[in-house]
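Participant: The following file, data32.cif, comprises mmCIF, C-alpha atoms:
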data_upload
#
loop_
_atom_site.label_atom_id
_atom_site.label_comp_id
_atom_site.auth_asym_id
_atom_site.auth_seq_id
_atom_site.Cartn_x
_atom_site.Cartn_y
_atom_site.Cartn_z
CA MET A 1 187.89 -46.58 66.49
CA ARG A 2 188.81 -45.37 69.97
CA ARG A 3 185.38 -44.89 71.52
CA LEU A 4 186.90 -44.33 74.99
CA ARG A 5 186.51 -47.94 75.96
CA ALA A 6 189.94 -48.93 77.07
CA CYS A 7 190.93 -46.18 79.45
CA LEU A 8 188.05 -43.90 80.46
CA GLY A 9 186.26 -44.60 83.70
CA ALA A 10 187.10 -46.91 86.55
CA ALA A 11 185.11 -50.10 86.91
CA ALA A 12 181.85 -49.38 88.67
CA ALA A 13 181.23 -51.10 91.95
CA VAL A 14 178.27 -53.14 90.85
CA THR A 15 176.80 -55.17 93.67
CA LEU A 16 173.54 -56.20 92.12
CA ALA A 17 172.22 -59.53 93.34
CA ALA A 18 172.19 -62.49 91.01
CA ALA A 19 168.98 -63.93 89.66
CA GLY A 20 169.77 -66.87 87.43
CA THR A 21 168.01 -67.17 84.12
CA THR A 22 168.95 -68.86 80.89
CA ALA A 23 165.66 -68.36 79.11
CA LEU A 24 166.01 -68.11 75.37
CA VAL A 25 163.38 -65.38 75.26
CA ALA A 26 162.98 -62.15 77.19
CA GLY A 27 160.73 -62.13 80.21
CA ASN A 28 158.25 -59.39 80.99
CA ALA A 29 156.99 -58.21 84.35
CA SER A 30 154.03 -60.60 84.38
CA GLY A 31 156.28 -63.63 84.06
CA ALA A 32 155.23 -64.37 80.48
CA THR A 33 157.90 -64.59 77.84
CA THR A 34 158.19 -62.70 74.60
CA ALA A 35 160.93 -62.43 72.00
CA LEU A 36 161.77 -59.03 70.59
CA SER A 37 161.74 -58.47 66.85
CA ASN A 38 165.06 -58.26 65.02
CA ARG A 39 164.35 -54.55 64.56
CA TRP A 40 164.93 -53.99 68.27
CA TYR A 41 168.25 -55.85 68.29
CA ALA A 42 169.22 -53.76 65.27
CA ALA A 43 168.41 -50.58 67.21
CA ALA A 44 170.11 -51.50 70.50
CA PRO A 45 172.57 -48.77 71.64
CA TYR A 46 175.79 -49.78 73.39
CA LEU A 47 175.88 -49.85 77.18
CA MET A 48 178.85 -50.65 79.38
CA PRO A 49 177.23 -52.34 82.39
CA LEU A 50 180.36 -52.40 84.57
CA ASP A 51 182.27 -49.26 83.55
CA ASN A 52 181.92 -45.55 82.78
CA ASP A 53 179.28 -44.78 85.42
CA PRO A 54 176.63 -47.18 84.10
CA PRO A 55 173.18 -45.59 83.84
CA ASP A 56 170.06 -47.35 85.10
CA PRO A 57 168.54 -49.17 82.11
CA SER A 58 165.12 -49.07 83.77
CA ALA A 59 165.20 -45.29 83.79
CA ILE A 60 166.14 -45.20 80.11
CA MET A 61 163.35 -47.64 79.23
CA ASP A 62 160.79 -45.62 81.18
CA ALA A 63 161.91 -42.30 79.67
CA THR A 64 162.24 -43.35 76.03
CA GLY A 65 160.47 -46.65 75.35
CA LEU A 66 163.79 -48.30 74.48
CA LYS A 67 163.64 -52.09 74.78
CA ALA A 68 167.05 -53.41 73.68
CA PHE A 69 170.60 -52.80 74.88
CA GLN A 70 173.97 -53.75 73.33
CA LEU A 71 176.12 -54.76 76.33
CA ALA A 72 179.88 -54.25 75.89
CA PHE A 73 182.46 -55.87 75.82
CA VAL A 74 183.35 -59.57 76.07
CA LEU A 75 187.11 -60.16 75.80
CA ALA A 76 189.75 -62.80 76.50
CA PRO A 77 191.19 -62.77 80.04
CA ASN A 78 193.92 -60.17 80.57
CA GLY A 79 196.16 -62.90 81.95
CA GLY A 80 195.72 -65.11 78.88
CA GLY A 81 193.41 -67.96 77.92
CA CYS A 82 190.43 -68.74 75.71
CA SER A 83 187.50 -68.07 78.03
CA PRO A 84 185.04 -65.16 77.95
CA THR A 85 185.28 -62.27 80.40
CA TRP A 86 183.72 -58.85 80.75
CA GLY A 87 186.42 -56.34 79.94
CA GLY A 88 189.20 -58.89 80.37
CA THR A 89 188.74 -59.07 84.15
CA ALA A 90 185.32 -60.49 85.14
CA PRO A 91 184.75 -64.13 84.05
CA VAL A 92 181.39 -64.70 82.39
CA SER A 93 181.17 -68.11 84.05
CA SER A 94 180.89 -66.62 87.54
CA ASP A 95 179.19 -63.34 86.64
CA THR A 96 176.23 -62.16 88.69
CA ALA A 97 176.42 -58.38 88.14
CA VAL A 98 175.72 -58.30 84.39
CA GLN A 99 173.19 -61.10 84.81
CA SER A 100 171.28 -58.91 87.24
CA VAL A 101 171.28 -56.01 84.75
CA ILE A 102 169.92 -58.36 82.08
CA ASN A 103 167.25 -59.66 84.47
CA THR A 104 166.16 -56.09 85.20
CA ILE A 105 165.85 -55.29 81.49
CA ARG A 106 163.95 -58.50 80.75
CA SER A 107 161.59 -57.98 83.69
CA LYS A 108 160.43 -54.81 81.90
CA GLY A 109 159.83 -56.59 78.58
CA GLY A 110 163.21 -55.76 77.03
CA ASP A 111 166.24 -57.79 76.01
CA VAL A 112 169.95 -57.51 75.29
CA SER A 113 172.57 -58.30 72.71
CA VAL A 114 176.17 -58.81 73.77
CA SER A 115 179.06 -57.21 71.91
CA ILE A 116 182.45 -58.87 71.69
CA GLY A 117 185.71 -57.17 70.80
CA GLY A 118 185.89 -53.41 70.69
CA TYR A 119 189.01 -51.26 70.69
CA GLY A 120 190.83 -52.26 73.89
CA GLY A 121 192.08 -55.50 75.40
CA THR A 122 192.82 -58.93 73.95
CA LYS A 123 190.10 -60.46 71.82
CA LEU A 124 189.10 -64.11 71.90
CA GLY A 125 189.88 -64.41 68.21
CA GLN A 126 193.47 -63.54 69.09
CA ALA A 127 193.70 -65.79 72.14
CA CYS A 128 191.89 -68.93 70.93
CA ALA A 129 193.59 -71.50 68.72
CA ASP A 130 191.01 -71.67 65.93
CA ALA A 131 187.48 -70.76 64.89
CA ALA A 132 185.92 -73.73 66.70
CA SER A 133 187.46 -72.88 70.08
CA THR A 134 186.61 -69.19 69.57
CA ALA A 135 183.00 -70.16 68.88
CA ALA A 136 182.95 -72.43 71.95
CA ALA A 137 184.00 -69.47 74.12
CA TYR A 138 181.23 -67.28 72.71
CA GLN A 139 178.71 -70.10 73.04
CA GLN A 140 179.29 -69.95 76.79
CA VAL A 141 178.05 -66.34 76.71
CA ILE A 142 175.03 -67.18 74.56
CA THR A 143 174.08 -70.10 76.79
CA LYS A 144 174.59 -68.32 80.11
CA TYR A 145 172.50 -65.29 79.18
CA GLY A 146 170.07 -66.97 76.76
CA LEU A 147 170.97 -64.55 74.00
CA HIS A 148 168.99 -63.87 70.83
CA ALA A 149 171.62 -61.52 69.42
CA ILE A 150 175.38 -61.00 69.35
CA ASP A 151 177.61 -58.31 67.87
CA PHE A 152 181.15 -58.87 66.54
CA ASP A 153 182.93 -55.53 66.94
CA LEU A 154 185.98 -56.14 64.72
CA GLU A 155 188.27 -53.15 64.64
CA GLU A 156 191.85 -52.09 65.25
CA PRO A 157 194.14 -53.54 66.34
CA GLU A 158 192.51 -57.00 66.04
CA TYR A 159 191.35 -56.63 62.46
CA GLU A 160 194.96 -56.14 61.40
CA ASN A 161 195.57 -59.76 62.49
CA THR A 162 194.57 -62.09 59.64
CA ALA A 163 194.47 -65.21 61.82
CA ALA A 164 192.32 -63.49 64.47
CA ILE A 165 189.79 -62.27 61.91
CA HIS A 166 189.67 -65.76 60.39
CA ASN A 167 188.82 -67.09 63.86
CA GLU A 168 186.20 -64.40 64.55
CA ILE A 169 184.40 -64.78 61.21
CA GLY A 170 184.58 -68.57 61.48
CA ALA A 171 183.17 -68.40 65.01
CA ALA A 172 180.34 -66.12 63.88
CA LYS A 173 179.40 -68.60 61.17
CA ILE A 174 179.43 -71.52 63.64
CA LEU A 175 177.27 -69.63 66.14
CA GLN A 176 174.83 -68.65 63.40
CA GLN A 177 174.49 -72.32 62.40
CA ASN A 178 174.24 -73.68 65.95
CA ASN A 179 171.79 -71.09 67.29
CA PRO A 180 168.87 -70.84 64.84
CA GLY A 181 167.42 -67.34 64.69
CA LEU A 182 170.44 -65.71 66.34
CA TYR A 183 170.75 -62.09 65.18
CA VAL A 184 174.40 -61.47 64.22
CA SER A 185 175.85 -58.05 63.49
CA VAL A 186 179.44 -57.30 62.47
CA THR A 187 180.71 -53.82 63.29
CA THR A 188 183.92 -52.34 61.89
CA ALA A 189 185.70 -49.05 61.28
CA GLY A 190 184.30 -46.45 58.90
CA THR A 191 186.20 -44.16 56.54
CA ALA A 192 185.14 -41.54 54.01
CA ASP A 193 185.39 -44.28 51.37
CA GLY A 194 183.14 -46.59 53.42
CA THR A 195 185.72 -48.70 55.21
CA GLY A 196 189.47 -49.06 54.97
CA TRP A 197 191.77 -51.79 53.68
CA PHE A 198 191.45 -53.98 56.77
CA GLY A 199 187.66 -53.62 56.76
CA LYS A 200 187.60 -54.75 53.13
CA GLN A 201 189.83 -57.70 53.96
CA MET A 202 187.37 -58.67 56.71
CA LEU A 203 184.53 -58.62 54.18
CA LEU A 204 186.57 -60.80 51.82
CA GLU A 205 187.19 -63.23 54.70
CA ALA A 206 183.44 -63.43 55.29
CA LYS A 207 182.88 -64.05 51.59
CA SER A 208 185.54 -66.77 51.46
CA GLN A 209 183.91 -68.57 54.41
CA GLY A 210 180.40 -68.22 52.97
CA PHE A 211 179.24 -66.20 55.99
CA THR A 212 176.48 -63.58 55.75
CA PRO A 213 175.41 -61.87 59.01
CA ASN A 214 172.26 -59.84 59.46
CA ASN A 215 174.37 -56.78 58.76
CA PHE A 216 177.82 -55.31 58.36
CA SER A 217 177.87 -51.98 60.20
CA ILE A 218 180.45 -49.21 59.93
CA MET A 219 181.40 -46.58 62.52
CA PRO A 220 181.72 -43.30 60.61
CA PHE A 221 183.53 -41.25 63.24
CA ASP A 222 187.12 -40.69 64.41
CA GLY A 223 188.20 -40.50 60.78
CA GLY A 224 187.94 -36.85 59.80
CA PHE A 225 184.14 -36.79 59.62
CA ASN A 226 182.19 -33.57 59.85
CA GLY A 227 178.53 -34.05 60.68
CA ALA A 228 175.80 -36.09 59.06
CA ALA A 229 176.59 -35.34 55.41
CA SER A 230 180.01 -36.96 55.69
CA GLN A 231 178.47 -39.97 57.42
CA THR A 232 175.74 -40.57 54.86
CA SER A 233 178.35 -40.23 52.11
CA ALA A 234 180.41 -42.95 53.81
CA LEU A 235 177.32 -45.16 54.08
CA THR A 236 176.67 -44.73 50.36
CA ASN A 237 180.27 -45.68 49.58
CA PHE A 238 180.09 -48.67 51.92
CA ASN A 239 176.98 -49.84 50.12
CA SER A 240 179.00 -49.92 46.89
CA ILE A 241 181.68 -51.99 48.63
CA LEU A 242 179.08 -54.51 49.80
CA GLN A 243 177.68 -54.73 46.27
CA SER A 244 181.07 -55.34 44.65
CA THR A 245 182.24 -57.77 47.34
CA PHE A 246 179.18 -60.00 47.55
CA GLY A 247 177.57 -59.46 44.15
CA TRP A 248 174.46 -57.92 45.72
CA ASP A 249 172.24 -55.34 44.10
CA GLN A 250 171.88 -51.98 45.85
CA ALA A 251 168.72 -52.85 47.77
CA THR A 252 170.12 -56.14 49.05
CA ALA A 253 173.31 -54.39 50.14
CA TYR A 254 171.31 -51.79 52.10
CA ALA A 255 169.28 -54.60 53.71
CA HIS A 256 172.61 -55.95 55.04
CA GLU A 257 174.11 -52.57 56.01
CA GLY A 258 174.22 -50.83 59.38
CA PHE A 259 175.29 -47.56 61.02
CA SER A 260 177.03 -47.29 64.39
CA GLY A 261 177.57 -43.66 65.38
CA MET A 262 179.07 -41.79 68.30
CA ASN A 263 176.84 -39.30 70.06
CA GLY A 264 178.23 -35.88 70.87
CA ARG A 265 181.97 -35.23 70.79
CA SER A 266 184.07 -38.04 69.30
CA ASP A 267 187.55 -39.08 70.41
CA THR A 268 189.12 -36.90 67.71
CA GLY A 269 187.01 -33.84 68.46
CA GLU A 270 184.28 -34.29 65.84
CA TYR A 271 180.76 -33.28 66.92
CA PHE A 272 177.56 -35.17 66.14
CA THR A 273 174.40 -33.49 67.40
CA GLN A 274 170.81 -34.58 67.66
CA ALA A 275 170.20 -33.00 64.24
CA ASP A 276 172.99 -35.12 62.74
CA PHE A 277 171.45 -38.26 64.20
CA GLN A 278 168.07 -37.34 62.70
CA THR A 279 169.63 -36.85 59.26
CA VAL A 280 171.41 -40.21 59.39
CA LEU A 281 168.25 -41.86 60.73
CA ASP A 282 166.28 -40.49 57.78
CA TYR A 283 168.94 -41.87 55.43
CA ALA A 284 168.91 -45.28 57.13
CA THR A 285 165.15 -45.65 57.09
CA SER A 286 164.67 -44.32 53.56
CA HIS A 287 167.24 -46.82 52.27
CA ASN A 288 165.79 -49.68 54.34
CA MET A 289 169.06 -50.23 56.19
CA ASP A 290 169.17 -53.04 58.73
CA ARG A 291 170.80 -51.37 61.75
CA PHE A 292 171.05 -48.01 63.52
CA THR A 293 172.97 -47.86 66.81
CA PHE A 294 175.48 -45.69 68.66
CA TRP A 295 178.25 -45.53 71.23
CA SER A 296 177.01 -45.10 73.91
CA LEU A 297 174.21 -44.85 76.46
CA ASN A 298 176.83 -44.17 79.13
CA ARG A 299 177.49 -40.93 77.21
CA ASP A 300 173.85 -40.06 76.51
CA ARG A 301 173.60 -37.26 79.07
CA GLN A 302 174.92 -33.72 79.36
CA CYS A 303 178.27 -33.12 81.00
CA SER A 304 178.75 -30.91 83.99
CA PRO A 305 181.37 -28.14 83.68
CA PRO A 306 184.24 -28.14 82.87
CA ASP A 307 183.67 -31.19 80.62
CA ASN A 308 180.84 -29.79 78.53
CA GLY A 309 182.31 -29.15 75.10
CA GLY A 310 185.87 -29.18 76.35
CA ARG A 311 186.91 -32.81 76.04
CA THR A 312 185.58 -36.21 75.11
CA SER A 313 184.16 -38.20 78.00
CA GLY A 314 183.08 -41.78 78.51
CA THR A 315 180.22 -40.71 80.76
CA CYS A 316 178.64 -37.75 78.92
CA SER A 317 178.32 -36.35 75.40
CA SER A 318 179.95 -32.89 75.62
CA VAL A 319 177.00 -31.39 73.71
CA ALA A 320 173.90 -29.66 75.02
CA GLN A 321 171.19 -32.27 75.56
CA ASN A 322 168.58 -33.77 77.82
CA ASP A 323 169.24 -37.21 79.26
CA TRP A 324 168.69 -39.98 76.69
CA ASP A 325 168.12 -37.66 73.73
CA PHE A 326 170.15 -39.92 71.44
CA ALA A 327 168.46 -43.13 72.62
CA LYS A 328 165.22 -41.76 71.22
CA TYR A 329 166.60 -42.08 67.67
CA SER A 330 167.14 -45.79 68.23
CA VAL A 331 163.53 -46.05 69.38
CA LYS A 332 162.41 -44.27 66.21
CA PHE A 333 164.44 -46.68 64.07
CA ALA A 334 162.95 -49.70 65.83
CA GLY A 335 159.46 -48.33 65.20
CA VAL A 336 159.87 -48.20 61.43
CA THR A 337 158.48 -51.30 59.75
CA PRO A 338 161.28 -52.65 57.57
CA PRO A 339 160.70 -54.49 54.33
CA THR A 340 160.96 -58.27 54.30
CA PRO A 341 163.77 -58.92 51.82
CA THR A 342 164.05 -62.25 50.10
CA PRO A 343 167.13 -63.99 51.53
CA THR A 344 169.92 -63.65 49.03
CA PRO A 345 172.62 -66.31 49.12
CA THR A 346 176.17 -65.28 48.44
CA PRO A 347 176.47 -65.82 44.68
CA THR A 348 179.09 -68.02 43.14
CA PRO A 349 181.43 -65.60 41.40
CA THR A 350 181.93 -65.91 37.66
CA PRO A 351 185.38 -67.40 37.06
CA THR A 352 187.96 -64.85 35.96
CA SER A 353 190.52 -65.77 33.33
CA CYS A 354 194.02 -66.37 34.67
CA LYS A 355 196.88 -64.00 33.88
CA THR A 356 200.26 -65.20 32.69
CA ALA A 357 201.75 -67.65 35.18
CA TRP A 358 204.18 -66.27 37.77
CA SER A 359 207.86 -67.00 37.11
CA ALA A 360 210.55 -67.10 39.79
CA SER A 361 213.12 -65.66 37.40
CA ALA A 362 211.05 -62.78 36.06
CA VAL A 363 211.28 -59.23 37.39
CA TYR A 364 207.95 -57.57 38.20
CA THR A 365 207.15 -53.95 38.92
CA ALA A 366 204.13 -52.29 40.53
CA GLY A 367 200.94 -53.09 38.63
CA ASP A 368 202.18 -56.23 36.89
CA GLU A 369 199.67 -59.09 37.05
CA VAL A 370 200.32 -62.83 37.20
CA SER A 371 198.52 -66.02 38.13
CA TYR A 372 199.60 -68.47 40.82
CA GLY A 373 197.69 -71.17 42.71
CA ASN A 374 194.51 -70.52 40.67
CA HIS A 375 194.46 -66.90 41.82
CA ASN A 376 195.42 -63.70 40.01
CA TRP A 377 197.91 -61.42 41.78
CA LYS A 378 199.02 -57.82 41.26
CA ALA A 379 202.51 -56.59 42.20
CA LYS A 380 202.54 -53.76 44.72
CA TRP A 381 206.19 -52.91 44.12
CA TRP A 382 209.34 -54.25 42.42
CA THR A 383 209.82 -57.95 43.13
CA GLN A 384 211.64 -61.03 41.93
CA ASN A 385 211.47 -64.64 43.17
CA GLU A 386 208.88 -63.83 45.89
CA VAL A 387 206.04 -66.36 45.73
CA PRO A 388 202.57 -64.73 45.60
CA GLY A 389 200.73 -65.21 48.88
CA ALA A 390 203.74 -66.61 50.73
CA ALA A 391 203.90 -63.66 53.15
CA GLN A 392 201.02 -61.69 54.65
CA TRP A 393 202.75 -58.35 53.99
CA GLY A 394 204.49 -59.46 50.80
CA PRO A 395 204.63 -57.69 47.42
CA TRP A 396 201.59 -59.42 45.91
CA GLN A 397 197.94 -58.36 46.23
CA ASP A 398 195.43 -61.18 45.81
CA GLU A 399 192.88 -60.30 43.10
CA GLY A 400 190.78 -63.42 43.58
CA ALA A 401 190.29 -66.83 42.07
CA CYS A 402 190.74 -67.46 38.38
#
Could you write out this file's structure as structure tokens?

Facilitator:
Amino acid sequence: MRRLRACLGAAAAVTLAAAGTTALVAGNASGATTALSNRWYAAAPYLMPLDNDPPDPSAIMDATGLKAFQLAFVLAPNGGGCSPTWGGTAPVSSDTAVQSVINTIRSKGGDVSVSIGGYGGTKLGQACADAASTAAAYQQVITKYGLHAIDFDLEEPEYENTAAIHNEIGAAKILQQNNPGLYVSVTTAGTADGTGWFGKQMLLEAKSQGFTPNNFSIMPFDGGFNGAASQTSALTNFNSILQSTFGWDQATAYAHEGFSGMNGRSDTGEYFTQADFQTVLDYATSHNMDRFTFWSLNRDRQCSPPDNGGRTSGTCSSVAQNDWDFAKYSVKFAGVTPPTPTPTPTPTPTPTSCKTAWSASAVYTAGDEVSYGNHNWKAKWWTQNEVPGAAQWGPWQDEGAC
């Protein structure tokens, strides 16, 4: 999804003073410490703290009661390397500007999650050698800012890179294990069917690694959507994908499902109004979904002419609104008491019988099924003497273990 991250808005000249803190809980104004509930991290809207005319989080908190912010985006350095930066340019290790924003939010009793990835730039999963080194890079971010929550925004073009997604999912699992209580969300592209081929491959990667985050969220916009009805339909379809992938029942799948919308005019000219957000919010809460967020707070204000309604902006919504109208839906979501689901481990799949063994001399056409390497495979087109699984874009589709 485009989400105007890579090219809209020059970097803001943030000169906020540093105030070092690595507390593992959020601080309030009295100096006491308090951790937010997972519901707040699940409701945190995205905020770019260094780009797209960053709004004052204090003003948003005062106006809406919002307590949590999803700060975006941590990337690999533009010049190469496996170390975390903000936007590819500002090293996390020497950061003071974002730290000051976090300190301001925590001084008012709030907290932040940090989002990695997004649409633009080089991702750490692409730049780092393996899952362990990718996790080590993200651990620097968790440690520096004392994070309780992190979001893996896995979308194009990174999620088309099998090795990168293996690193990202592996890193997420390592961080989950090494940081008890860490809230982990995974955000990916949405389609009318729920999510596309690459999104489904990402879910299969998570299944193969035995990784279950707090939620898998889809972004139902920029894909031919038309208001809330098309979004709730996509969420229903995505729920079915989660059920079939992980062997969950419907309720468990909803308890691990999230929505990440785009307020106002999307990159492709779709419009999502306050009424659409209310409809999706009602769907999310009635189905006991785990997450409701949106891109972005930088856009949660009305444009001045000639932008209003005419083009998509990174700094305003292009729909008629009052400042922070859309943030109020996140506050509503956080205020709903969710059920306490019984943790459901990823089930061990029932073994599937193996098809006839693949033969190098046989000719196969689209739809033919064989077994090879204790997996079943289906031919996508005519093929002969091409080993199943030997090439990422080869003629064989993996149908799972047998």

Participant: List, as a VMD selection string, every residue that the PyMOL selection byres ((chain A and resi 46) around 9) selects in the file provided.

Facilitator: chain A and resid 44 to 45 47 to 48 69 to 72 115 293 to 298

Participant: Give me, please, the distance in Å between atom CA of Asn374 of chain A and atom CA of Ala206 of chain A, quoted to one decimal.

Facilitator: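 Atom CA of Ala206 of chain A lies at a distance of 19.7 Å from atom CA of Asn374 of chain A.
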
Participant: Quick one: of A:Ser318, A:Gln126, A:Asn385, A:Ser185, who's nearest to Thr273 of chain A, counting all atoms listed in the file?

Facilitator: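 Among the listed residues, A:Ser318 lies closest to Thr273 of chain A.
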
Participant: Please compute the atom CA of Thr143 of chain A-atom CA of Gln177 of chain A distance, one decimal, in Å.

Facilitator: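 Straight-line distance from atom CA of Thr143 of chain A to atom CA of Gln177 of chain A works out to 14.6 Å.
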
Participant: Assuming the chain letters and numbering stay as they are in my file, what does the PyMOL selection byres ((chain A and resi 238) around 10) actually select? List them as a list in words.

Facilitator: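 With the shown file as input, the PyMOL selection byres ((chain A and resi 238) around 10) matches Gly190, Thr191, Ala192, Asp193, Gly194, Thr195, Gly196, Lys200, Phe216, Ser217, Ile218, Thr232, Ser233, Ala234, Leu235, Thr236, Asn237, Asn239, Ser240, Ile241, Leu242, Gln243, Ser244, Ala253, Tyr254, Glu257 and Gly258 of chain A.
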
Participant: Just give me the residues with any atom within 7 Å of (175.7, -70.1, 58.6), file coordinates, counting only C-alpha atoms, written as a CSV table (one decimal) with C-alpha atoms, in the coordinates of the input.

Facilitator:
chain,number,residue,atom,x,y,z
A,173,LYS,CA,179.4,-68.6,61.2
A,174,ILE,CA,179.4,-71.5,63.6
A,176,GLN,CA,174.8,-68.6,63.4
A,177,GLN,CA,174.5,-72.3,62.4
A,211,PHE,CA,179.2,-66.2,56.0

Participant: Just give me the gap between atom CA of Thr187 of chain A and atom CA of Met219 of chain A in Å, one decimal is fine.

Facilitator: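 Interatomic distance here is 7.3 Å.
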
Participant: Carefully work through the PyMOL selection byres ((chain A and resi 209) around 12) for this structure and note down the residues it includes, as an mmCIF file with C-alpha atoms, in the frame of the given file.

Facilitator:
data_model
loop_
_atom_site.group_PDB
_atom_site.id
_atom_site.type_symbol
_atom_site.label_atom_id
_atom_site.label_comp_id
_atom_site.auth_asym_id
_atom_site.auth_seq_id
_atom_site.Cartn_x
_atom_site.Cartn_y
_atom_site.Cartn_z
ATOM 1 C CA ALA A 131 187.480 -70.760 64.890
ATOM 2 C CA ILE A 165 189.790 -62.270 61.910
ATOM 3 C CA HIS A 166 189.670 -65.760 60.390
ATOM 4 C CA ASN A 167 188.820 -67.090 63.860
ATOM 5 C CA GLU A 168 186.200 -64.400 64.550
ATOM 6 C CA ILE A 169 184.400 -64.780 61.210
ATOM 7 C CA GLY A 170 184.580 -68.570 61.480
ATOM 8 C CA ALA A 171 183.170 -68.400 65.010
ATOM 9 C CA ALA A 172 180.340 -66.120 63.880
ATOM 10 C CA LYS A 173 179.400 -68.600 61.170
ATOM 11 C CA ILE A 174 179.430 -71.520 63.640
ATOM 12 C CA MET A 202 187.370 -58.670 56.710
ATOM 13 C CA LEU A 203 184.530 -58.620 54.180
ATOM 14 C CA LEU A 204 186.570 -60.800 51.820
ATOM 15 C CA GLU A 205 187.190 -63.230 54.700
ATOM 16 C CA ALA A 206 183.440 -63.430 55.290
ATOM 17 C CA LYS A 207 182.880 -64.050 51.590
ATOM 18 C CA SER A 208 185.540 -66.770 51.460
ATOM 19 C CA GLY A 210 180.400 -68.220 52.970
ATOM 20 C CA PHE A 211 179.240 -66.200 55.990
ATOM 21 C CA THR A 212 176.480 -63.580 55.750
ATOM 22 C CA PRO A 213 175.410 -61.870 59.010
ATOM 23 C CA PHE A 246 179.180 -60.000 47.550
ATOM 24 C CA THR A 346 176.170 -65.280 48.440
#
